[in-house]
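Have a look at the structure below, then the notes.
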Amino acid sequence: MKKRILSCFLMLVLCMSLLCACDSTAGQSTTETNDPTYSESITSVDGEPSQSSESTAPGTSDNISSSTPEGNGEVATPEQSGEQAPPLVTTSPSENTDSPKVPDQAPTDIVDVTGFSLSSVAEYNGKAYVAVNGNVPYFTDSELTTQSFELYSELDALGRCGTVYASIGQDLMPTEERGSIGMVKPTGWQTVRYDDLVDGKYLYNRCHLIGYQLTGENANTSNLITGTRYLNIEGMLPFENMVADYIQETNNHVLYRVTPIFEGNNLLANGVLMEGYSVEDKGAGVSYCVFAYNVQPGIEIDYATGESKLADGAQQEEQKTATVTPTPSPEPEKQEPVTRSEASQADYILNTNTKKFHYPTCSSVNDMKEKNRQEFFGTRDETIALGYSPCGRCKP
């Protein structure tokens with residue numbers, strides 16, 4: 001009897017030992033399963049990622065989170081889960097192929113256009129501008145930047161303007177009233193009027209290479225060329241307005257370059273090459289490359305000097321003569337007050353009392369009180385936007 005009891009006791013002890021051994025093995029297995037395996041994300045010493053690391057790269061089918069039970073309180077990173085991480089604001093463009101490459105700093109040197117030749121531009125045929133290079137700007141990807149900047153070339157030995165280059169954002173746009181530019185006499189400047197042929201009477205304007213509405217530059221001699229009224233209003237203004245409207249509506253940037261094209265030692269440019277490209281949306285909003293002609297229909301221009309005359313086709317039944325006022329050189333620095341309409345080179349004369357605007361040659365200008373008289377350099381639309389209405393006599 002005692003031997004039987006002893007045998008049962010030994011069997012019970014043996015069973016309990018086996019049960020304890022099984023529980024220990026099961027606990028060890030569970031612990032190994034739940035512990036994160038950090039070695040899978042480690043790069044090997046020789047610089048090559050390990051095989052387990054490659055399986056966790058974004059966009060692959062393997063999912064490391066499968067080894068982590070759901071609901072255990074741990075959140076897998078995109079690299080661990082195999083999902084594509086959303087781009088962060090701080091992600092550099094080189095790491096995000098969905099965005100343009102954006103330099104960390106704005107450039108300090110002008111990038112001149114390459115690959116353009118005036119000989120490739122068709123002769124003027126009645127249109128103020130023509131697309132060149134398939135209407136595709138000459139910019140390279142490395143130039144695209146969301147950093148605002150503006151750069152102006154130094155005048156050359158003849159006093160001529162060169163390329164102007166900018167990335168235009170709202171922060172560059174003017175916040176103050178437009179200033180006077182009448183003291184600037186760009187190369188080729190002539191004070192010439194053709195009352196019956198030119199809208200605004202005067203043949204030449206001081207044309208901003210980068211329009212005032214874009215960067216707020218006033219009497220910047222490196223940004224003003226002698227351009228016909230036709231170039232200023234019909235050739236350049238439509239693109240300036242398009243860029244300004246786009247920036248105001250989107251708060252994006254437009255890479256902008258204007259290159260005046262001079263032949264030889266001519267003082268007057270044949271025209272300007274204009275390029276624009278919206279950066280953030282990769283040209284979806286703005287993208288153009290055009291040459292705007294520095295011509296005036298009905299007028300023949302000597303680009304060597306800026307002198308002009310009526311074209312043969314403009315000779316009509318009534319003889320139209322140009323009134324030419326020579327520009328003295330050099331001109332004294334002192335600016336005398338302008339009190340008569342004939343002396344003004346402004347685009348319009350404003351009557352701040354009646355809120356009317358006039359051509360400088362309008363007879364009503366001479367009747368204005370000096371305190372109500374103000375010169376305005378800008379377009380008709382800009383004048384109206386300031387709350388002025390056109391004079392009923394000269395009908396500007």
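Following the order of the structure tokens, chains are lettered A, B, ..., residues in each are numbered from 1, and ligands are numbered from 1.
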### segment 392-396 of chain A environment, 8 Å, only C-alpha atoms, sequence neighbours closer than 2 positions dropped, as an MDAnalysis selection string
chainID A and resid 200 357:359 362 364 380 390
#### Entry: Selection near segment 174-181 of chain A, 8 Å with only C-alpha atoms, sequence-local residues under 2 positions removed, as a list in words
Leu172, Met183, Val184, Arg206, Tyr212, Gln213, Leu214, Thr215, Gly216, Asn218, Ala219, Phe376 and Phe377 of chain A
Same residues, C-alpha atoms, saved as a CSV table (one decimal), in the first residue's frame:
chain,number,residue,atom,x,y,z
A,172,LEU,CA,7.6,92.5,-53.6
A,183,MET,CA,13.5,112.8,-64.6
A,184,VAL,CA,14.8,109.6,-66.2
A,206,ARG,CA,9.6,105.2,-70.1
A,212,TYR,CA,5.7,98.9,-61.4
A,213,GLN,CA,2.7,96.8,-60.2
A,214,LEU,CA,5.0,93.8,-59.7
A,215,THR,CA,8.0,95.1,-57.8
A,216,GLY,CA,7.2,98.8,-57.0
A,218,ASN,CA,10.0,103.9,-59.7
A,219,ALA,CA,12.9,105.9,-61.1
A,376,PHE,CA,0.3,110.4,-63.2
A,377,PHE,CA,2.6,107.8,-64.8
Contacts between segment 273-291 of chain A and segment 163-194 of chain A, please, where a residue of segment 163-194 of chain A counts if it comes within 12 Å (with only C-alpha atoms); show its shortest atom pair and distance in Å to one decimal, rows by chain and ascending number, as JSON lines.
{"residue": "A:Thr163", "atom": "CA", "partner": "A:Leu273", "partner_atom": "CA", "distance": 9.4}
{"residue": "A:Val164", "atom": "CA", "partner": "A:Met274", "partner_atom": "CA", "distance": 10.0}
{"residue": "A:Tyr165", "atom": "CA", "partner": "A:Glu275", "partner_atom": "CA", "distance": 9.6}
{"residue": "A:Ala166", "atom": "CA", "partner": "A:Gly276", "partner_atom": "CA", "distance": 9.7}
{"residue": "A:Ser167", "atom": "CA", "partner": "A:Val279", "partner_atom": "CA", "distance": 8.8}
{"residue": "A:Ile168", "atom": "CA", "partner": "A:Ser278", "partner_atom": "CA", "distance": 9.4}
{"residue": "A:Gly169", "atom": "CA", "partner": "A:Ser278", "partner_atom": "CA", "distance": 10.2}
### Distance in Å - atom CA of Ala269 of chain A versus atom CA of Gly235 of chain A
13.6 Å
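Between atom CA of Thr228 of chain A and atom CA of Ser120 of chain A lies a distance of 22.1 Å.
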### Query
Can you list, as a count of residues only, every protein, DNA or RNA residue that comes within 12 Å of segment 149-160 of chain A when you count only C-alpha atoms, leaving out same-chain residues fewer than 5 positions away?
58
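The spacing separating atom CA of Asp312 of chain A from atom CA of Ala122 of chain A amounts to 21.5 Å.
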